[in-house]
>>> print(open('coords07.txt').read())   # compact mmCIF, C-alpha atoms
# COMPACT_ATOMS: atom_id res chain seq x y z
CA MET A 1322 107.15 88.05 76.86
CA ILE A 1323 106.54 84.79 78.71
CA ARG A 1324 105.17 83.09 75.57
CA SER A 1325 108.30 84.08 73.72
CA GLY A 1326 110.28 81.86 76.04
CA ARG A 1327 111.92 84.82 77.76
CA ALA A 1328 110.25 84.45 81.13
CA PRO A 1329 111.78 87.20 83.23
CA THR A 1330 113.02 87.11 86.76
CA ILE A 1331 110.90 89.61 88.65
CA LEU A 1332 112.24 91.31 91.78
CA GLN A 1333 110.54 93.65 94.26
CA VAL A 1334 113.06 96.35 95.19
CA GLY A 1335 110.94 98.45 97.58
CA SER A 1336 109.63 98.29 101.14
CA HIS A 1337 109.57 94.93 102.90
CA THR A 1338 106.52 95.90 104.96
CA LEU A 1339 104.55 96.63 101.79
CA TYR A 1340 105.96 93.46 100.19
CA GLN A 1341 104.52 91.42 103.06
CA GLU A 1342 101.09 92.90 102.38
CA ALA A 1343 101.11 91.97 98.69
CA HIS A 1344 103.62 91.24 95.98
CA ILE A 1345 103.76 89.70 92.53
CA LYS A 1346 103.73 85.93 92.78
CA GLY A 1347 107.19 84.50 92.30
CA ALA A 1348 108.94 87.83 92.84
CA PRO A 1349 111.47 87.58 95.66
CA TYR A 1350 112.20 90.52 97.90
CA ALA A 1351 115.43 92.33 96.96
CA GLY A 1352 115.39 95.79 98.41
CA PRO A 1353 114.99 98.52 99.25
CA GLY A 1354 117.03 99.98 96.44
CA SER A 1355 117.42 103.26 98.29
CA THR A 1356 119.65 101.76 101.00
CA ALA A 1357 123.09 100.15 101.01
CA GLN A 1358 121.67 97.07 102.75
CA GLY A 1359 118.97 96.81 100.11
CA LEU A 1360 121.50 96.89 97.31
CA VAL A 1361 123.47 94.14 99.06
CA LEU A 1362 120.31 92.04 99.07
CA LEU A 1363 119.72 92.82 95.40
CA ARG A 1364 123.28 91.86 94.43
CA LYS A 1365 122.91 88.61 96.39
CA ALA A 1366 119.60 87.80 94.70
CA VAL A 1367 121.08 88.04 91.20
CA ALA A 1368 124.71 87.12 91.85
CA HIS A 1369 124.65 83.83 89.98
CA MET A 1370 122.36 84.86 87.14
CA ASP A 1371 123.31 85.06 83.48
CA ARG A 1372 124.09 88.74 82.79
CA HIS A 1373 121.96 88.60 79.63
CA LYS A 1374 118.90 87.29 81.44
CA LEU A 1375 115.83 89.49 81.39
CA LEU A 1376 115.35 91.06 84.82
CA VAL A 1377 112.22 93.01 85.73
CA ILE A 1378 112.22 95.15 88.85
CA TYR A 1379 109.28 96.88 90.46
CA CYS A 1380 108.49 98.92 93.55
CA GLY A 1381 105.26 100.98 93.64
CA CYS A 1382 105.86 102.35 97.12
CA CYS A 1383 105.07 105.92 96.00
CA PRO A 1384 104.10 107.74 92.81
CA TRP A 1385 106.67 106.91 90.10
CA PRO A 1386 108.52 110.26 90.01
CA LYS A 1387 109.03 110.11 93.79
CA CYS A 1388 110.10 106.46 94.05
CA PRO A 1389 113.44 106.29 95.86
CA ASN A 1390 114.11 102.66 94.99
CA ILE A 1391 113.73 101.95 91.28
CA ARG A 1392 116.54 104.06 89.90
CA PRO A 1393 119.30 102.93 92.32
CA ALA A 1394 118.25 99.29 91.87
CA TYR A 1395 118.26 99.68 88.09
CA GLU A 1396 121.65 101.35 88.12
CA GLU A 1397 123.11 98.70 90.42
CA LEU A 1398 122.00 95.92 88.09
CA ARG A 1399 123.43 97.71 85.07
CA LYS A 1400 126.67 98.23 86.99
CA MET A 1401 126.77 94.50 87.67
CA GLY A 1402 126.69 93.90 83.94
CA PHE A 1403 123.05 92.99 83.40
CA THR A 1404 122.16 94.00 79.88
CA ASP A 1405 118.40 93.50 79.87
CA VAL A 1406 116.85 95.24 82.87
CA LYS A 1407 113.32 96.61 82.81
CA ALA A 1408 111.23 98.40 85.41
CA VAL A 1409 107.50 97.96 85.84
CA TYR A 1410 105.94 101.37 85.38
CA LEU A 1411 103.52 101.93 88.26
CA PRO A 1412 102.53 105.60 87.97
CA ASN A 1413 100.63 105.83 91.25
CA ASN A 1414 101.57 102.88 93.41
CA PHE A 1415 101.40 99.10 93.52
CA GLY A 1416 97.90 99.15 94.99
CA THR A 1417 96.32 101.42 92.39
CA ASP A 1418 98.20 100.16 89.36
CA TRP A 1419 98.44 96.45 90.09
CA VAL A 1420 96.28 95.16 92.97
CA GLN A 1421 93.17 97.12 92.00
CA HIS A 1422 93.45 95.87 88.43
CA GLY A 1423 93.02 92.38 89.80
CA TYR A 1424 96.47 91.22 88.77
CA PRO A 1425 97.66 88.28 90.85
CA THR A 1426 99.43 88.86 94.14
CA VAL A 1427 100.46 86.86 97.16
CA LYS A 1428 101.05 87.90 100.76
CA GLY A 1429 103.89 87.22 103.15
CA ASP A 1430 107.65 86.74 102.94
CA MET B 1473 100.06 91.57 81.11
CA LEU B 1474 103.50 92.44 82.32
CA CYS B 1475 104.61 93.50 78.85
CA GLY B 1476 102.21 96.40 78.77
CA LEU B 1477 103.51 97.78 82.02
CA VAL B 1478 107.19 97.32 81.50
CA LEU B 1479 109.29 100.23 80.36
CA THR B 1480 112.97 100.75 80.47
CA LEU B 1481 113.88 103.18 83.16
CA ALA B 1482 115.35 105.52 80.60
CA MET B 1483 111.86 106.06 79.22
CA ALA B 1484 110.47 107.15 82.54
CA GLY B 1485 109.24 110.71 82.32
CA SER B 1486 107.69 112.78 85.04
CA MET B 1487 104.14 111.64 85.63
CA PRO B 1488 101.59 113.54 87.61
CA ALA B 1489 101.41 112.10 91.10
CA HIS B 1490 97.62 111.98 91.31
CA ALA B 1491 96.37 108.79 92.86
CA GLN B 1492 93.40 107.19 91.19
CA ASP B 1493 90.35 106.41 93.24
CA LYS B 1494 90.31 102.93 94.63
CA PRO B 1495 87.30 101.05 95.88
CA HIS B 1496 86.72 102.69 99.24
CA ARG B 1497 85.69 99.57 101.08
CA LEU B 1498 85.89 101.12 104.53
CA ILE B 1499 83.94 104.32 103.92
CA GLY B 1500 80.74 104.44 105.96
CA LYS B 1501 81.94 101.59 108.14
CA GLN B 1502 83.36 101.49 111.62
CA ALA B 1503 87.10 102.08 111.51
CA PRO B 1504 88.97 98.87 112.36
CA ALA B 1505 89.99 99.00 116.02
CA PHE B 1506 93.68 98.82 116.79
CA ALA B 1507 96.16 99.05 119.62
CA LEU B 1508 99.65 99.98 118.43
CA LYS B 1509 102.85 101.00 120.20
CA ASP B 1510 103.97 104.56 119.69
CA PHE B 1511 107.61 105.56 119.22
CA GLN B 1512 107.95 105.77 123.02
CA HIS B 1513 106.60 102.18 123.40
CA LYS B 1514 103.30 103.37 124.85
CA THR B 1515 100.16 101.60 123.65
CA VAL B 1516 97.77 103.81 121.69
CA ARG B 1517 94.27 102.61 120.89
CA LEU B 1518 92.04 104.15 118.26
CA ALA B 1519 89.13 103.84 120.70
CA GLN B 1520 90.66 106.35 123.10
CA TYR B 1521 89.99 109.11 120.56
CA ARG B 1522 86.26 108.45 120.23
CA GLY B 1523 84.49 111.82 120.31
CA LYS B 1524 87.21 113.44 118.19
CA VAL B 1525 87.72 113.46 114.45
CA VAL B 1526 90.77 111.31 113.69
CA LEU B 1527 93.12 111.76 110.76
CA LEU B 1528 94.86 108.41 110.41
CA ASN B 1529 97.88 108.83 108.17
CA PHE B 1530 100.08 105.97 106.93
CA TRP B 1531 103.59 107.21 106.13
CA ALA B 1532 107.26 106.24 105.89
CA SER B 1533 110.60 108.00 106.00
CA TRP B 1534 111.39 106.98 102.41
CA CYS B 1535 108.13 108.48 101.14
CA ALA B 1536 108.71 112.03 99.90
CA PRO B 1537 105.00 112.84 99.38
CA CYS B 1538 104.36 111.77 102.98
CA GLN B 1539 106.87 114.21 104.32
CA GLU B 1540 105.50 117.00 102.18
CA GLU B 1541 102.09 116.76 103.84
CA MET B 1542 103.07 115.96 107.44
CA PRO B 1543 103.91 119.59 108.41
CA ALA B 1544 100.33 120.51 107.48
CA PHE B 1545 99.01 117.71 109.70
CA ALA B 1546 101.09 119.06 112.58
CA ARG B 1547 99.59 122.52 112.04
CA TRP B 1548 96.07 121.07 112.07
CA GLN B 1549 96.79 119.22 115.29
CA SER B 1550 97.30 122.65 116.86
CA GLU B 1551 94.60 124.46 114.84
CA PHE B 1552 91.87 121.99 115.79
CA HIS B 1553 93.23 121.24 119.25
CA GLY B 1554 90.93 119.08 121.32
CA ARG B 1555 88.62 118.25 118.40
CA LEU B 1556 90.99 116.59 115.92
CA GLN B 1557 93.53 113.90 116.61
CA VAL B 1558 96.16 113.15 114.01
CA LEU B 1559 97.71 109.69 114.26
CA GLY B 1560 100.66 108.74 112.07
CA VAL B 1561 101.16 105.05 111.40
CA ASN B 1562 104.70 104.42 110.28
CA MET B 1563 105.36 101.73 107.67
CA ASP B 1564 109.17 101.82 107.64
CA ASP B 1565 111.11 98.56 107.77
CA ASP B 1566 113.70 100.31 109.95
CA LEU B 1567 112.24 102.25 112.86
CA SER B 1568 115.44 104.23 113.47
CA LYS B 1569 114.96 105.92 110.10
CA ALA B 1570 111.37 106.77 110.98
CA LYS B 1571 112.46 108.29 114.28
CA ALA B 1572 115.11 110.39 112.57
CA ALA B 1573 112.60 111.65 110.01
CA ALA B 1574 110.05 112.44 112.71
CA GLY B 1575 112.62 114.51 114.58
CA LYS B 1576 113.34 116.59 111.50
CA LEU B 1577 109.65 117.08 110.75
CA LYS B 1578 108.86 118.22 114.31
CA VAL B 1579 105.71 116.15 114.42
CA ASN B 1580 103.43 117.03 117.36
CA TYR B 1581 101.07 114.05 117.19
CA PRO B 1582 101.48 110.38 118.11
CA LEU B 1583 103.51 108.28 115.72
CA LEU B 1584 102.68 104.60 115.85
CA VAL B 1585 104.65 101.56 114.75
CA GLY B 1586 102.80 100.03 111.81
CA SER B 1587 103.07 96.66 110.11
CA ALA B 1588 101.69 94.67 107.23
CA HIS B 1589 98.97 93.53 109.63
CA ILE B 1590 97.54 96.98 110.33
CA GLY B 1591 97.87 97.76 106.62
CA GLY B 1592 95.76 94.72 105.84
CA MET B 1593 93.16 95.75 108.41
CA TYR B 1594 92.74 99.04 106.54
CA GLY B 1595 92.17 97.41 103.19
CA GLY B 1596 95.81 97.04 102.17
CA ILE B 1597 98.35 99.84 102.26
CA TYR B 1598 100.26 99.02 99.07
CA GLY B 1599 101.72 102.47 98.47
CA LEU B 1600 102.10 105.66 100.46
CA PRO B 1601 100.85 108.03 101.66
CA VAL B 1602 97.34 106.90 102.55
CA SER B 1603 95.08 108.84 104.93
CA PHE B 1604 91.71 108.06 106.46
CA VAL B 1605 89.36 110.60 108.01
CA ILE B 1606 87.36 109.04 110.83
CA ASP B 1607 84.48 110.91 112.41
CA ALA B 1608 83.78 111.36 116.12
CA ARG B 1609 81.65 108.21 116.15
CA GLY B 1610 84.46 106.13 114.70
CA ILE B 1611 83.07 105.91 111.17
CA VAL B 1612 85.47 106.17 108.22
CA ARG B 1613 84.36 109.18 106.16
CA ALA B 1614 87.11 109.53 103.59
CA GLU B 1615 90.24 107.92 102.25
CA TYR B 1616 93.00 109.64 100.30
CA GLN B 1617 95.77 107.85 98.44
CA GLY B 1618 98.92 109.50 97.23
CA GLY B 1619 100.06 113.03 98.01
CA ASN B 1620 98.59 116.34 96.92
CA HIS B 1621 95.41 116.01 98.98
CA VAL B 1622 96.16 118.52 101.72
CA LYS B 1623 93.46 120.99 100.65
CA GLU B 1624 90.76 118.33 100.33
CA LEU B 1625 91.76 116.78 103.64
CA HIS B 1626 91.61 120.12 105.42
CA ALA B 1627 88.21 120.92 103.93
CA GLY B 1628 86.87 117.48 104.83
CA ILE B 1629 88.07 117.72 108.40
CA ALA B 1630 86.74 121.26 108.82
CA HIS B 1631 83.37 120.12 107.44
CA LEU B 1632 83.17 117.21 109.87
CA LEU B 1633 84.12 119.41 112.80
CA ALA B 1634 81.53 122.04 111.82
CA HIS B 1635 78.82 119.37 111.69
CA ALA B 1636 79.95 117.91 114.99
CA ARG B 1637 79.22 121.26 116.63
CA GLN B 1638 75.60 121.32 115.47
>>> encode(input="coords07.txt", output="structure tokens")
Amino acid sequence: MIRSGRAPTILQVGSHTLYQEAHIKGAPYAGPGSTAQGLVLLRKAVAHMDRHKLLVIYCGCCPWPKCPNIRPAYEELRKMGFTDVKAVYLPNNFGTDWVQHGYPTVKGD
Amino acid sequence: MLCGLVLTLAMAGSMPAHAQDKPHRLIGKQAPAFALKDFQHKTVRLAQYRGKVVLLNFWASWCAPCQEEMPAFARWQSEFHGRLQVLGVNMDDDLSKAKAAAGKLKVNYPLLVGSAHIGGMYGGIYGLPVSFVIDARGIVRAEYQGGNHVKELHAGIAHLLAHARQ
């Protein structure tokens, strides 16, 4: 994806406390998708972006079927007119499916 | 790397919620000491429960699997009264939501205000729920990630308590 020249914008749309512990490098905080305030933050984060830009959102706060944040964030972005929105599939949580695989993370705000 | 993990949301089916085992770095080691404020602003220290088995549960109001297992923890707090102490460490960004959830769940054990710092002390709490079973000497005996571990947790606690009697 990155090699193809379509480097995505990655956004974390879950808990800020968990974001502070570890998040994908270069992914700003834009959540939580389950709250009105979180969606305001998400809209602000992408307000000036090209609506055809590839956006990748992720959460990983809970097992995928129980995640309260991904779907509302995805739907909000689609409602805003973004045509290329993807979600990172983390079946268990961010720790199990990302951190423990040794994928890069950073701490803090 | 990202490509392999990215799916459109429309493709998301229902996945089993089993958490995979993670490296249990704390098992067999002394549980990291902490002093946290509870929801009534009182300081609670892990050390004050030495001599009891402690179930240390990280949870949040937005975490459905957490709220599914918390009523069982409240029952155990009564069932094993005096020998088990359940401590809930809340990881919400907004404490008012945690307090509202706690009221609905009728939790009968201390609920503590968590943070990224305490999460880091316990090896990183990157998803919820996560529970640690700590024995009466303060040694971490088990860690459970994700929901659906109520039976194993109960058996583990009962086992520790039975051995503590001998």
>>> closest_residue(input="coords07.txt", among="B:Ala1630, B:Leu1559, B:Val1612, B:Cys1535", to="Pro1582 (chain B)", atoms="only C-alpha atoms")
B:Leu1559
>>> closest_atom_pairs(input="coords07.txt", of="chain A", to="chain B", cutoff="8 Å", atoms="all atoms listed in the file", output="CSV")
residue,atom,partner,partner_atom,distance
A:Met1322,CA,B:Cys1475,CA,6.3
A:Ser1336,CA,B:Asp1565,CA,6.8
A:His1337,CA,B:Asp1565,CA,6.3
A:Thr1338,CA,B:Ala1588,CA,5.5
A:Leu1339,CA,B:Tyr1598,CA,5.6
A:Gln1341,CA,B:Ala1588,CA,6.0
A:Glu1342,CA,B:Ala1588,CA,5.2
A:Ala1343,CA,B:Tyr1598,CA,7.1
A:Val1377,CA,B:Val1478,CA,7.9
A:Gly1381,CA,B:Gly1599,CA,6.2
A:Cys1382,CA,B:Gly1599,CA,4.4
A:Cys1383,CA,B:Leu1600,CA,5.4
A:Pro1384,CA,B:Ala1489,CA,5.4
A:Trp1385,CA,B:Met1487,CA,7.0
A:Pro1386,CA,B:Ser1486,CA,5.6
A:Lys1387,CA,B:Ala1536,CA,6.4
A:Cys1388,CA,B:Cys1535,CA,7.6
A:Pro1389,CA,B:Trp1534,CA,6.9
A:Arg1392,CA,B:Leu1481,CA,7.3
A:Tyr1395,CA,B:Leu1481,CA,7.5
A:Val1406,CA,B:Thr1480,CA,7.2
A:Lys1407,CA,B:Thr1480,CA,4.8
A:Ala1408,CA,B:Leu1479,CA,5.7
A:Val1409,CA,B:Val1478,CA,4.4
A:Tyr1410,CA,B:Leu1477,CA,5.5
A:Leu1411,CA,B:Leu1477,CA,7.5
A:Pro1412,CA,B:Met1487,CA,6.7
A:Asn1413,CA,B:Ala1491,CA,5.4
A:Asn1414,CA,B:Gly1599,CA,5.1
A:Phe1415,CA,B:Tyr1598,CA,5.7
A:Gly1416,CA,B:Tyr1598,CA,4.7
A:Thr1417,CA,B:Gln1492,CA,6.6
A:Gln1421,CA,B:Lys1494,CA,7.0
>>> write_last_selection(input="coords07.txt", atoms="C-alpha atoms", output="tab-separated table (two decimals), keeping the file's coordinate frame")
chain	number	residue	atom	x	y	z
A	1322	MET	CA	107.15	88.05	76.86
A	1336	SER	CA	109.63	98.29	101.14
A	1337	HIS	CA	109.57	94.93	102.90
A	1338	THR	CA	106.52	95.90	104.96
A	1339	LEU	CA	104.55	96.63	101.79
A	1341	GLN	CA	104.52	91.42	103.06
A	1342	GLU	CA	101.09	92.90	102.38
A	1343	ALA	CA	101.11	91.97	98.69
A	1377	VAL	CA	112.22	93.01	85.73
A	1381	GLY	CA	105.26	100.98	93.64
A	1382	CYS	CA	105.86	102.35	97.12
A	1383	CYS	CA	105.07	105.92	96.00
A	1384	PRO	CA	104.10	107.74	92.81
A	1385	TRP	CA	106.67	106.91	90.10
A	1386	PRO	CA	108.52	110.26	90.01
A	1387	LYS	CA	109.03	110.11	93.79
A	1388	CYS	CA	110.10	106.46	94.05
A	1389	PRO	CA	113.44	106.29	95.86
A	1392	ARG	CA	116.54	104.06	89.90
A	1395	TYR	CA	118.26	99.68	88.09
A	1406	VAL	CA	116.85	95.24	82.87
A	1407	LYS	CA	113.32	96.61	82.81
A	1408	ALA	CA	111.23	98.40	85.41
A	1409	VAL	CA	107.50	97.96	85.84
A	1410	TYR	CA	105.94	101.37	85.38
A	1411	LEU	CA	103.52	101.93	88.26
A	1412	PRO	CA	102.53	105.60	87.97
A	1413	ASN	CA	100.63	105.83	91.25
A	1414	ASN	CA	101.57	102.88	93.41
A	1415	PHE	CA	101.40	99.10	93.52
A	1416	GLY	CA	97.90	99.15	94.99
A	1417	THR	CA	96.32	101.42	92.39
A	1421	GLN	CA	93.17	97.12	92.00
>>> axis_aligned_box(input="coords07.txt", around="region 1585-1592 of chain B", padding_each_side="4 Å", output="AutoDock Vina command-line options")
--center_x 100.2 --center_y 97.5 --center_z 110.3 --size_x 16.9 --size_y 16.0 --size_z 16.9
>>> closest_residue(input="coords07.txt", among="B:Val1516, B:Asp1607, B:Glu1541, B:Val1561", to="Leu1577 (chain B)", atoms="all atoms listed in the file")
B:Glu1541
>>> residues_around(input="coords07.txt", residues="Leu1398 (chain A)", least_positions_apart="4", cutoff="9 Å", atoms="all atoms listed in the file", output="PyMOL selection string")
chain A and resi 1363-1364+1367+1376+1393-1394+1402-1404+1406
